[in-house]
Structure formats: C-alpha cells, structure tokens
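Data from input38.cif: mmCIF, C-alpha atoms; chains and numbers go by the auth columns
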```cif
data_upload
#
loop_
_atom_site.group_PDB
_atom_site.id
_atom_site.type_symbol
_atom_site.label_atom_id
_atom_site.label_comp_id
_atom_site.label_asym_id
_atom_site.label_seq_id
_atom_site.Cartn_x
_atom_site.Cartn_y
_atom_site.Cartn_z
_atom_site.B_iso_or_equiv
_atom_site.auth_seq_id
_atom_site.auth_asym_id
ATOM 1 C CA MET A 1 109.489 109.498 97.967 0.00 1 A
ATOM 2 C CA THR A 2 112.299 108.486 100.275 0.00 2 A
ATOM 3 C CA VAL A 3 112.009 106.506 103.496 0.00 3 A
ATOM 4 C CA THR A 4 114.828 106.523 106.029 0.00 4 A
ATOM 5 C CA VAL A 5 114.875 104.436 109.180 0.00 5 A
ATOM 6 C CA GLU A 6 116.757 105.709 112.195 0.00 6 A
ATOM 7 C CA ALA A 7 117.067 102.811 114.591 0.00 7 A
ATOM 8 C CA GLY A 8 116.412 103.853 118.161 0.00 8 A
ATOM 9 C CA THR A 9 119.030 103.482 120.865 0.00 9 A
ATOM 10 C CA GLY A 10 118.461 103.348 124.597 0.00 10 A
ATOM 11 C CA GLU A 11 114.998 104.723 125.331 0.00 11 A
ATOM 12 C CA ALA A 12 114.667 106.449 121.969 0.00 12 A
ATOM 13 C CA PRO A 13 112.035 105.255 119.498 0.00 13 A
ATOM 14 C CA THR A 14 112.825 104.063 116.013 0.00 14 A
ATOM 15 C CA ARG A 15 112.059 106.952 113.693 0.00 15 A
ATOM 16 C CA VAL A 16 110.848 106.357 110.137 0.00 16 A
ATOM 17 C CA ARG A 17 111.407 109.543 108.154 0.00 17 A
ATOM 18 C CA VAL A 18 109.275 109.934 105.042 0.00 18 A
ATOM 19 C CA ALA A 19 109.938 112.626 102.430 0.00 19 A
ATOM 20 C CA GLY A 20 108.365 113.548 99.116 0.00 20 A
ATOM 21 C CA GLU A 21 105.130 112.270 97.596 0.00 21 A
ATOM 22 C CA VAL A 22 103.231 109.286 98.984 0.00 22 A
ATOM 23 C CA ASP A 23 100.702 107.968 96.473 0.00 23 A
ATOM 24 C CA MET A 24 99.590 104.706 94.894 0.00 24 A
ATOM 25 C CA ASN A 25 102.981 104.463 93.167 0.00 25 A
ATOM 26 C CA THR A 26 105.204 104.989 96.208 0.00 26 A
ATOM 27 C CA ALA A 27 103.031 103.784 99.116 0.00 27 A
ATOM 28 C CA PRO A 28 104.059 100.100 98.716 0.00 28 A
ATOM 29 C CA LYS A 29 107.647 101.027 99.592 0.00 29 A
ATOM 30 C CA LEU A 30 106.515 102.793 102.766 0.00 30 A
ATOM 31 C CA ARG A 31 104.315 99.811 103.609 0.00 31 A
ATOM 32 C CA GLN A 32 107.220 97.397 103.246 0.00 32 A
ATOM 33 C CA THR A 33 109.455 99.534 105.456 0.00 33 A
ATOM 34 C CA LEU A 34 106.834 99.970 108.191 0.00 34 A
ATOM 35 C CA ARG A 35 106.181 96.251 108.182 0.00 35 A
ATOM 36 C CA LEU A 36 109.873 95.410 108.553 0.00 36 A
ATOM 37 C CA VAL A 37 110.329 97.941 111.333 0.00 37 A
ATOM 38 C CA LEU A 38 107.229 96.805 113.231 0.00 38 A
ATOM 39 C CA GLU A 39 108.153 93.155 112.908 0.00 39 A
ATOM 40 C CA ALA A 40 111.824 93.558 113.726 0.00 40 A
ATOM 41 C CA ASP A 41 111.605 95.129 117.131 0.00 41 A
ATOM 42 C CA SER A 42 109.257 96.014 119.945 0.00 42 A
ATOM 43 C CA ARG A 43 110.691 99.489 120.335 0.00 43 A
ATOM 44 C CA PRO A 44 108.266 102.445 119.899 0.00 44 A
ATOM 45 C CA VAL A 45 107.941 103.673 116.307 0.00 45 A
ATOM 46 C CA VAL A 46 107.540 107.297 115.260 0.00 46 A
ATOM 47 C CA VAL A 47 106.688 108.049 111.641 0.00 47 A
ATOM 48 C CA HIS A 48 108.095 111.479 110.843 0.00 48 A
ATOM 49 C CA LEU A 49 106.128 113.116 108.030 0.00 49 A
ATOM 50 C CA GLY A 50 107.577 116.644 108.148 0.00 50 A
ATOM 51 C CA ALA A 51 109.079 116.441 104.658 0.00 51 A
ATOM 52 C CA VAL A 52 106.064 114.911 102.927 0.00 52 A
ATOM 53 C CA THR A 53 104.836 117.165 100.119 0.00 53 A
ATOM 54 C CA TYR A 54 101.842 115.075 99.035 0.00 54 A
ATOM 55 C CA MET A 55 99.866 112.264 100.572 0.00 55 A
ATOM 56 C CA ASP A 56 96.628 110.737 99.357 0.00 56 A
ATOM 57 C CA SER A 57 94.401 107.889 100.476 0.00 57 A
ATOM 58 C CA ALA A 58 96.985 105.288 99.405 0.00 58 A
ATOM 59 C CA GLY A 59 99.417 106.768 101.925 0.00 59 A
ATOM 60 C CA ILE A 60 96.740 106.980 104.615 0.00 60 A
ATOM 61 C CA ALA A 61 95.885 103.312 104.056 0.00 61 A
ATOM 62 C CA VAL A 62 99.506 102.363 104.769 0.00 62 A
ATOM 63 C CA LEU A 63 99.618 104.493 107.932 0.00 63 A
ATOM 64 C CA ILE A 64 96.455 102.698 109.098 0.00 64 A
ATOM 65 C CA GLU A 65 98.046 99.319 108.385 0.00 65 A
ATOM 66 C CA GLY A 66 101.062 100.383 110.431 0.00 66 A
ATOM 67 C CA LEU A 67 98.746 101.251 113.304 0.00 67 A
ATOM 68 C CA GLN A 68 97.076 97.843 113.052 0.00 68 A
ATOM 69 C CA TRP A 69 100.412 95.983 113.022 0.00 69 A
ATOM 70 C CA SER A 70 101.663 97.991 115.991 0.00 70 A
ATOM 71 C CA ARG A 71 98.499 97.239 117.994 0.00 71 A
ATOM 72 C CA ARG A 72 98.771 93.551 117.239 0.00 72 A
ATOM 73 C CA ARG A 73 102.303 93.544 118.629 0.00 73 A
ATOM 74 C CA GLY A 74 101.664 96.002 121.434 0.00 74 A
ATOM 75 C CA ILE A 75 104.130 98.540 120.061 0.00 75 A
ATOM 76 C CA SER A 76 103.735 102.288 120.610 0.00 76 A
ATOM 77 C CA TYR A 77 103.146 103.990 117.234 0.00 77 A
ATOM 78 C CA ALA A 78 102.890 107.701 116.526 0.00 78 A
ATOM 79 C CA LEU A 79 102.921 110.122 113.625 0.00 79 A
ATOM 80 C CA GLU A 80 105.053 113.222 113.924 0.00 80 A
ATOM 81 C CA ALA A 81 105.331 116.677 112.348 0.00 81 A
ATOM 82 C CA LEU A 82 102.324 116.594 110.025 0.00 82 A
ATOM 83 C CA PRO A 83 102.696 119.187 107.267 0.00 83 A
ATOM 84 C CA GLY A 84 99.609 120.879 105.765 0.00 84 A
ATOM 85 C CA PRO A 85 99.068 118.423 102.884 0.00 85 A
ATOM 86 C CA VAL A 86 99.124 115.460 105.289 0.00 86 A
ATOM 87 C CA ARG A 87 96.942 117.140 107.900 0.00 87 A
ATOM 88 C CA VAL A 88 94.240 117.793 105.268 0.00 88 A
ATOM 89 C CA VAL A 89 93.908 114.141 104.326 0.00 89 A
ATOM 90 C CA VAL A 90 94.216 112.846 107.923 0.00 90 A
ATOM 91 C CA GLU A 91 91.374 115.164 108.955 0.00 91 A
ATOM 92 C CA LEU A 92 89.241 114.236 105.930 0.00 92 A
ATOM 93 C CA ALA A 93 89.664 110.602 106.899 0.00 93 A
ATOM 94 C CA LYS A 94 88.612 111.552 110.470 0.00 94 A
ATOM 95 C CA LEU A 95 91.788 109.937 111.753 0.00 95 A
ATOM 96 C CA ASP A 96 93.139 112.919 113.689 0.00 96 A
ATOM 97 C CA THR A 97 91.867 111.319 116.892 0.00 97 A
ATOM 98 C CA VAL A 98 92.715 107.737 115.908 0.00 98 A
ATOM 99 C CA PHE A 99 96.440 108.287 115.399 0.00 99 A
ATOM 100 C CA LYS A 100 98.710 109.485 118.153 0.00 100 A
ATOM 101 C CA ILE A 101 100.109 112.672 116.622 0.00 101 A
ATOM 102 C CA LEU A 102 103.249 114.369 117.931 0.00 102 A
ATOM 103 C CA PRO A 103 103.998 118.002 117.028 0.00 103 A
ATOM 104 C CA GLY A 104 107.664 117.386 116.239 0.00 104 A
ATOM 105 C CA ASP A 105 110.001 119.476 114.190 0.00 105 A
ATOM 106 C CA GLY A 106 108.245 119.806 110.848 0.00 106 A
ATOM 107 C CA ALA A 107 111.059 121.770 109.267 0.00 107 A
ATOM 108 C CA LYS A 108 113.705 119.147 109.865 0.00 108 A
ATOM 109 C CA ALA A 109 113.815 116.628 107.048 0.00 109 A
ATOM 110 C CA MET B 1 101.419 136.005 80.460 0.00 110 B
ATOM 111 C CA THR B 2 97.757 135.104 80.763 0.00 111 B
ATOM 112 C CA PRO B 3 97.382 131.540 82.010 0.00 112 B
ATOM 113 C CA PRO B 4 95.700 129.186 79.526 0.00 113 B
ATOM 114 C CA ASN B 5 91.994 128.624 80.137 0.00 114 B
ATOM 115 C CA SER B 6 92.108 125.064 78.924 0.00 115 B
ATOM 116 C CA LEU B 7 94.628 122.271 78.882 0.00 116 B
ATOM 117 C CA VAL B 8 94.628 118.598 77.907 0.00 117 B
ATOM 118 C CA LEU B 9 96.977 116.187 79.685 0.00 118 B
ATOM 119 C CA GLU B 10 97.620 112.666 78.568 0.00 119 B
ATOM 120 C CA ALA B 11 99.890 109.991 80.019 0.00 120 B
ATOM 121 C CA PRO B 12 100.173 106.227 80.261 0.00 121 B
ATOM 122 C CA ARG B 13 97.429 104.903 82.522 0.00 122 B
ATOM 123 C CA ASP B 14 99.653 103.708 85.338 0.00 123 B
ATOM 124 C CA ALA B 15 100.679 104.730 88.829 0.00 124 B
ATOM 125 C CA GLN B 16 104.002 106.126 87.653 0.00 125 B
ATOM 126 C CA SER B 17 102.224 108.893 85.709 0.00 126 B
ATOM 127 C CA LEU B 18 100.390 110.267 88.723 0.00 127 B
ATOM 128 C CA ALA B 19 103.071 112.595 90.105 0.00 128 B
ATOM 129 C CA THR B 20 103.616 114.294 86.747 0.00 129 B
ATOM 130 C CA LEU B 21 99.886 114.732 86.154 0.00 130 B
ATOM 131 C CA ARG B 22 99.448 116.180 89.643 0.00 131 B
ATOM 132 C CA ALA B 23 102.254 118.706 89.100 0.00 132 B
ATOM 133 C CA ALA B 24 100.552 119.944 85.932 0.00 133 B
ATOM 134 C CA VAL B 25 97.150 120.128 87.658 0.00 134 B
ATOM 135 C CA ALA B 26 98.658 122.102 90.565 0.00 135 B
ATOM 136 C CA ALA B 27 100.257 124.604 88.179 0.00 136 B
ATOM 137 C CA PHE B 28 97.009 125.022 86.237 0.00 137 B
ATOM 138 C CA ALA B 29 95.021 125.516 89.456 0.00 138 B
ATOM 139 C CA ARG B 30 97.416 128.210 90.676 0.00 139 B
ATOM 140 C CA GLY B 31 97.305 129.850 87.246 0.00 140 B
ATOM 141 C CA ALA B 32 93.524 129.883 87.505 0.00 141 B
ATOM 142 C CA GLY B 33 93.807 132.024 90.629 0.00 142 B
ATOM 143 C CA LEU B 34 93.576 129.485 93.438 0.00 143 B
ATOM 144 C CA ALA B 35 95.758 130.111 96.476 0.00 144 B
ATOM 145 C CA GLU B 36 98.389 127.545 97.405 0.00 145 B
ATOM 146 C CA GLU B 37 96.202 125.667 99.898 0.00 146 B
ATOM 147 C CA ALA B 38 93.160 125.521 97.603 0.00 147 B
ATOM 148 C CA ALA B 39 95.340 124.450 94.671 0.00 148 B
ATOM 149 C CA GLY B 40 96.684 121.672 96.904 0.00 149 B
ATOM 150 C CA GLU B 41 93.145 120.534 97.692 0.00 150 B
ATOM 151 C CA VAL B 42 92.204 120.427 94.009 0.00 151 B
ATOM 152 C CA THR B 43 95.419 118.529 93.279 0.00 152 B
ATOM 153 C CA LEU B 44 94.601 115.983 95.986 0.00 153 B
ATOM 154 C CA ALA B 45 91.054 115.484 94.680 0.00 154 B
ATOM 155 C CA VAL B 46 92.253 115.091 91.087 0.00 155 B
ATOM 156 C CA GLY B 47 95.106 112.847 92.242 0.00 156 B
ATOM 157 C CA GLU B 48 92.575 110.563 93.929 0.00 157 B
ATOM 158 C CA ALA B 49 90.441 110.528 90.780 0.00 158 B
ATOM 159 C CA CYS B 50 93.454 109.614 88.634 0.00 159 B
ATOM 160 C CA ALA B 51 94.517 106.879 91.066 0.00 160 B
ATOM 161 C CA ASN B 52 90.967 105.475 90.968 0.00 161 B
ATOM 162 C CA ALA B 53 90.995 105.640 87.160 0.00 162 B
ATOM 163 C CA VAL B 54 94.204 103.584 87.133 0.00 163 B
ATOM 164 C CA GLU B 55 92.654 101.126 89.584 0.00 164 B
ATOM 165 C CA HIS B 56 89.325 100.852 87.720 0.00 165 B
ATOM 166 C CA ALA B 57 91.150 100.210 84.443 0.00 166 B
ATOM 167 C CA ARG B 58 92.277 96.855 85.793 0.00 167 B
ATOM 168 C CA SER B 59 88.816 95.560 84.870 0.00 168 B
ATOM 169 C CA GLY B 60 89.471 96.432 81.222 0.00 169 B
ATOM 170 C CA ASP B 61 91.804 98.512 79.142 0.00 170 B
ATOM 171 C CA PRO B 62 89.965 101.688 78.149 0.00 171 B
ATOM 172 C CA ALA B 63 91.373 104.353 75.848 0.00 172 B
ATOM 173 C CA GLY B 64 94.276 102.195 74.743 0.00 173 B
ATOM 174 C CA GLY B 65 95.954 102.352 78.138 0.00 174 B
ATOM 175 C CA ARG B 66 96.065 106.147 78.151 0.00 175 B
ATOM 176 C CA LEU B 67 94.849 108.416 80.927 0.00 176 B
ATOM 177 C CA LYS B 68 93.455 111.696 79.671 0.00 177 B
ATOM 178 C CA LEU B 69 92.543 114.806 81.655 0.00 178 B
ATOM 179 C CA ARG B 70 90.807 117.921 80.352 0.00 179 B
ATOM 180 C CA LEU B 71 91.238 121.077 82.426 0.00 180 B
ATOM 181 C CA ALA B 72 89.300 124.253 81.858 0.00 181 B
ATOM 182 C CA THR B 73 88.262 127.474 83.534 0.00 182 B
ATOM 183 C CA GLY B 74 85.168 129.490 82.754 0.00 183 B
ATOM 184 C CA GLU B 75 82.053 130.893 84.402 0.00 184 B
ATOM 185 C CA GLY B 76 83.951 131.294 87.640 0.00 185 B
ATOM 186 C CA GLU B 77 84.822 127.623 87.906 0.00 186 B
ATOM 187 C CA LEU B 78 87.767 125.305 87.470 0.00 187 B
ATOM 188 C CA ARG B 79 86.752 122.014 85.891 0.00 188 B
ATOM 189 C CA VAL B 80 88.935 118.916 85.618 0.00 189 B
ATOM 190 C CA THR B 81 87.568 115.984 83.651 0.00 190 B
ATOM 191 C CA VAL B 82 89.161 112.550 84.019 0.00 191 B
ATOM 192 C CA GLU B 83 88.187 110.473 81.013 0.00 192 B
ATOM 193 C CA HIS B 84 87.383 106.777 81.307 0.00 193 B
ATOM 194 C CA TYR B 85 87.141 107.076 85.079 0.00 194 B
ATOM 195 C CA CYS B 86 84.884 104.084 85.686 0.00 195 B
ATOM 196 C CA ARG B 87 82.326 101.870 84.011 0.00 196 B
ATOM 197 C CA THR B 88 78.949 103.571 83.593 0.00 197 B
ATOM 198 C CA GLY B 89 77.268 100.850 85.637 0.00 198 B
ATOM 199 C CA ASP B 90 79.485 101.583 88.633 0.00 199 B
ATOM 200 C CA ILE B 91 78.389 105.227 88.998 0.00 200 B
ATOM 201 C CA PRO B 92 75.467 104.637 91.413 0.00 201 B
ATOM 202 C CA ARG B 93 77.732 102.602 93.672 0.00 202 B
ATOM 203 C CA ILE B 94 80.398 105.298 93.703 0.00 203 B
ATOM 204 C CA ARG B 95 77.925 108.093 94.450 0.00 204 B
ATOM 205 C CA GLY B 96 76.062 106.070 97.048 0.00 205 B
ATOM 206 C CA ARG B 97 79.058 105.564 99.301 0.00 206 B
ATOM 207 C CA ASP B 98 78.390 106.158 102.986 0.00 207 B
ATOM 208 C CA LEU B 99 80.865 108.818 104.039 0.00 208 B
ATOM 209 C CA GLY B 100 80.702 107.706 107.664 0.00 209 B
ATOM 210 C CA ASP B 101 82.070 104.367 106.629 0.00 210 B
ATOM 211 C CA VAL B 102 85.641 105.458 106.017 0.00 211 B
ATOM 212 C CA ARG B 103 88.048 102.638 105.406 0.00 212 B
ATOM 213 C CA PRO B 104 90.994 102.089 103.108 0.00 213 B
ATOM 214 C CA GLY B 105 89.717 101.956 99.544 0.00 214 B
ATOM 215 C CA GLY B 106 86.764 104.290 100.008 0.00 215 B
ATOM 216 C CA LEU B 107 88.643 107.324 101.183 0.00 216 B
ATOM 217 C CA GLY B 108 89.568 108.586 97.711 0.00 217 B
ATOM 218 C CA VAL B 109 86.002 109.353 96.665 0.00 218 B
ATOM 219 C CA HIS B 110 85.351 110.896 100.074 0.00 219 B
ATOM 220 C CA CYS B 111 88.279 113.300 99.462 0.00 220 B
ATOM 221 C CA MET B 112 86.991 114.132 95.984 0.00 221 B
ATOM 222 C CA GLU B 113 83.539 114.977 97.338 0.00 222 B
ATOM 223 C CA LYS B 114 84.793 117.000 100.303 0.00 223 B
ATOM 224 C CA LEU B 115 87.451 119.002 98.480 0.00 224 B
ATOM 225 C CA MET B 116 85.493 119.926 95.361 0.00 225 B
ATOM 226 C CA ASP B 117 82.234 121.839 95.024 0.00 226 B
ATOM 227 C CA ARG B 118 80.722 119.319 92.652 0.00 227 B
ATOM 228 C CA LEU B 119 81.353 115.963 90.976 0.00 228 B
ATOM 229 C CA GLU B 120 79.659 115.148 87.687 0.00 229 B
ATOM 230 C CA PHE B 121 79.665 111.985 85.641 0.00 230 B
ATOM 231 C CA GLU B 122 79.457 111.925 81.878 0.00 231 B
ATOM 232 C CA ALA B 123 78.720 108.746 79.936 0.00 232 B
ATOM 233 C CA GLU B 124 81.166 107.904 77.186 0.00 233 B
ATOM 234 C CA PRO B 125 80.203 105.903 74.069 0.00 234 B
ATOM 235 C CA ASP B 126 82.146 102.767 75.059 0.00 235 B
ATOM 236 C CA GLY B 127 80.398 101.954 78.335 0.00 236 B
ATOM 237 C CA TRP B 128 82.808 103.988 80.432 0.00 237 B
ATOM 238 C CA ALA B 129 82.159 107.309 82.155 0.00 238 B
ATOM 239 C CA ALA B 130 84.251 110.402 82.769 0.00 239 B
ATOM 240 C CA VAL B 131 84.208 112.191 86.112 0.00 240 B
ATOM 241 C CA ARG B 132 84.314 115.972 86.234 0.00 241 B
ATOM 242 C CA LEU B 133 85.613 117.672 89.379 0.00 242 B
ATOM 243 C CA VAL B 134 84.432 121.260 89.736 0.00 243 B
ATOM 244 C CA ARG B 135 85.719 123.909 92.098 0.00 244 B
ATOM 245 C CA ARG B 136 84.553 127.537 92.269 0.00 245 B
ATOM 246 C CA LEU B 137 87.254 130.107 91.715 0.00 246 B
ATOM 247 C CA PRO B 138 87.788 133.039 94.094 0.00 247 B
ATOM 248 C CA GLY B 139 86.425 136.400 92.983 0.00 248 B
ATOM 249 C CA ALA B 140 84.225 134.877 90.309 0.00 249 B
ATOM 250 C CA GLY B 141 82.483 137.528 88.268 0.00 250 B
ATOM 251 C CA ARG B 142 85.163 140.120 88.870 0.00 251 B
ATOM 252 C CA PRO B 143 86.521 141.633 85.644 0.00 252 B
ATOM 253 C CA ARG B 144 89.925 140.284 84.701 0.00 253 B
ATOM 254 C CA GLU B 145 92.824 142.537 85.657 0.00 254 B
ATOM 255 C CA GLU B 146 94.380 144.222 82.650 0.00 255 B
ATOM 256 C CA LYS B 147 98.096 144.042 82.132 0.00 256 B
ATOM 257 C CA PRO B 148 99.699 147.468 82.698 0.00 257 B
ATOM 258 C CA ALA B 149 100.792 149.076 79.423 0.00 258 B
#
```

Do you think you could lay out the structure here as structure tokens?
Amino acid sequence: MTVTVEAGTGEAPTRVRVAGEVDMNTAPKLRQTLRLVLEADSRPVVVHLGAVTYMDSAGIAVLIEGLQWSRRRGISYALEALPGPVRVVVELAKLDTVFKILPGDGAKA
Amino acid sequence: MTPPNSLVLEAPRDAQSLATLRAAVAAFARGAGLAEEAAGEVTLAVGEACANAVEHARSGDPAGGRLKLRLATGEGELRVTVEHYCRTGDIPRIRGRDLGDVRPGGLGVHCMEKLMDRLEFEAEPDGWAAVRLVRRLPGAGRPREEKPA
C-alpha cells in the first residue's frame, strides 16, 4: 500500500491518494496519515481510493475513524473514486450513505 | 492444465502474511471457476478470516505460530478451512453477532457471512476451532469440459 498526500492550494481540498492493498498490516499507516492530515489543517479532505486493489474491515475501520476526526474538527471529508473491491466492503458495512462519496476519476492513480 | 482440487497454504501467523495468502486464495478461486468478482468476494471473506485468526491468536499461540489454510473443491463447492481460527468456547459469541450492529471490529465476520454461502466450525483437539468458508461454484453438476485432443 502507498499513501500520498497532495496538499490543497487555494480552494482545493487536500487529497490523500491510497493505492494497493489496505488490510490489518497496512491500515495503521493510512490511519497515521489521515490523523496527521486532519489535525494539521482545516481544509477539506478527499480520500482518493481509485487505485486500491483490496480493502477489508481493517481499512474500513480507519476510514470511519477519519470521518469521526473530521466531524470533531468540523472538516469536510469525502471518499472518492471507489473501485469495485472497495465498494463491496463499504456496502456490506452499510456505510454507502454514511460517507460522502464522490465519483472521481477511478482510473487515475 | 487442470487446476488442483486441493491446496494447503501455510505461513507465519502474522499480519505480514495476509497479502500472500490472499493472492494464493484468489488464484485458487479463479482456477475453481469463479469469475473475477466472485473470486474477489471469496478472497475478502477468507482475508477477514485470516486477519481474525491472527487477532485471536494473541490470546495464545496455537499451532506454533503458524497459520494454515486448506482449500478444496468438490461437490460443486469451494471450501476454505482456516485452522486454529478461534477458541472453541468463543464460537457461540461469533455466530451470535447482531449484523445490524456494525462497528469496527465486528465487520469481518459480517463480511464472511454475507459473502459466503455457509460458515462451519470444526473443533480441534487442543481447544481451538477451525472455520470453514463454503461457496457454491457456478455450473455445479455440469460435466467437466474435456481438453481438446
């Protein structure tokens, strides 16, 4: 898994791009990054998941934590470009209406 | 080449093994005739089971710190058994989980139940239990296609 942060400029949100497999082994790194980003700034945060090839409940738990941190700080928080493997687990968790989900460019990693 | 109808996978029982185990499970599931999406669902369910097995092992050290999976096809089904999944005494609690009560930590079992046709538990001699994840294969009962001569 790789996590890349693109700091927003002007009106643009900060975009956290996640690629690869998010599981119990890699989720802590995503958690740490989301926490830093959500604590550092009050700019909107978009988590781009277009290049994620696998995500399980460990990854979902981190995305939920991100949502909770953002709410606490009043920061806009959205997920973007959900590929099939992510959509499956988000829907199983009945979170497709809890998260703000943007269509985004799924192909662009 | 005819895909194998059984396979045993073994790896250290830690989080770093999960990706490799999942890749092997995905390949076996596709070889068993599951389409890409269905193979992905089986891989997710088995991945959750393996992650739980790693987590549950923190209350002991079963099987010498090894995580063992047995994969098999037969009778129109794909079966994946994760050995030393949990303690036998924890089975009723795992099965009794309220699916409406989704929160971090309980989602894994929910995925396993939703994505597979059946979950079975099998007591092991040392107080642990294996979980078996079963998924029906497409076109079950159809005679196997012969290789052209």

*Would you give me, as a ChimeraX atom specification, the residues of chain A that come within 6 Å of chain B, using all atoms listed in the file?*
/A:25,57,61

*Tell me which residues the PyMOL selection byres ((chain B and resi 148) around 9) grabs here, as a VMD selection string.*
chain B and resid 134 to 139 142 to 147 149 to 153

Report as a PDB file with C-alpha atoms, in the frame of the given file all protein, DNA and RNA residues lying within 7 Å of A:Gly20, evaluated on all atoms listed in the file, omitting residues in the same chain fewer than 3 positions from it.
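Output file around00.pdb is given in full below:
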```
ATOM      1  CA  MET A   1     109.489 109.498  97.967  1.00  0.00           C
ATOM      2  CA  THR A   2     112.299 108.486 100.275  1.00  0.00           C
ATOM      3  CA  ALA A  51     109.079 116.441 104.658  1.00  0.00           C
ATOM      4  CA  VAL A  52     106.064 114.911 102.927  1.00  0.00           C
ATOM      5  CA  THR A  53     104.836 117.165 100.119  1.00  0.00           C
ATOM      6  CA  TYR A  54     101.842 115.075  99.035  1.00  0.00           C
TER       7      TYR A  54
END
```

*Apply the PyMOL selection byres ((chain A and resi 85) around 7) to the structure shown and report the selected residues as a ChimeraX atom specification.*
/A:53-55,83-84,86-89

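Using the PyMOL selection byres ((chain A and resi 48) around 6) on the file at hand returns these residues: A:Val16, A:Arg17, A:Val47, A:Leu49, A:Gly50, A:Glu80.
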
*If we count all atoms listed in the file, what is near A:Glu39 at a cut-off of 12 Å, once residues fewer than 3 positions away on the same chain are taken out, given as a PyMOL selection string?*
chain A and resi 32-36+42-45+66+69-75

Per-axis box centre and lengths in Å around stretch 28-42 of chain A, 6 Å margin per side, axis-aligned, as JSON:
```
{"center_x": 107.9, "center_y": 98.0, "center_z": 109.3, "size_x": 19.8, "size_y": 21.6, "size_z": 33.2}
```

*atom CA of B:Pro234 to atom CA of B:Glu119, straight-line distance in Å*: 19.2 Å

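Counting only C-alpha atoms and comparing B:Pro247, B:Pro113, B:Pro121, B:Gly198, the residue that lies closest to B:Glu186 is B:Pro247.
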
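Note that atom CA of B:Arg196 and atom CA of A:Lys29 are 29.7 Å apart.
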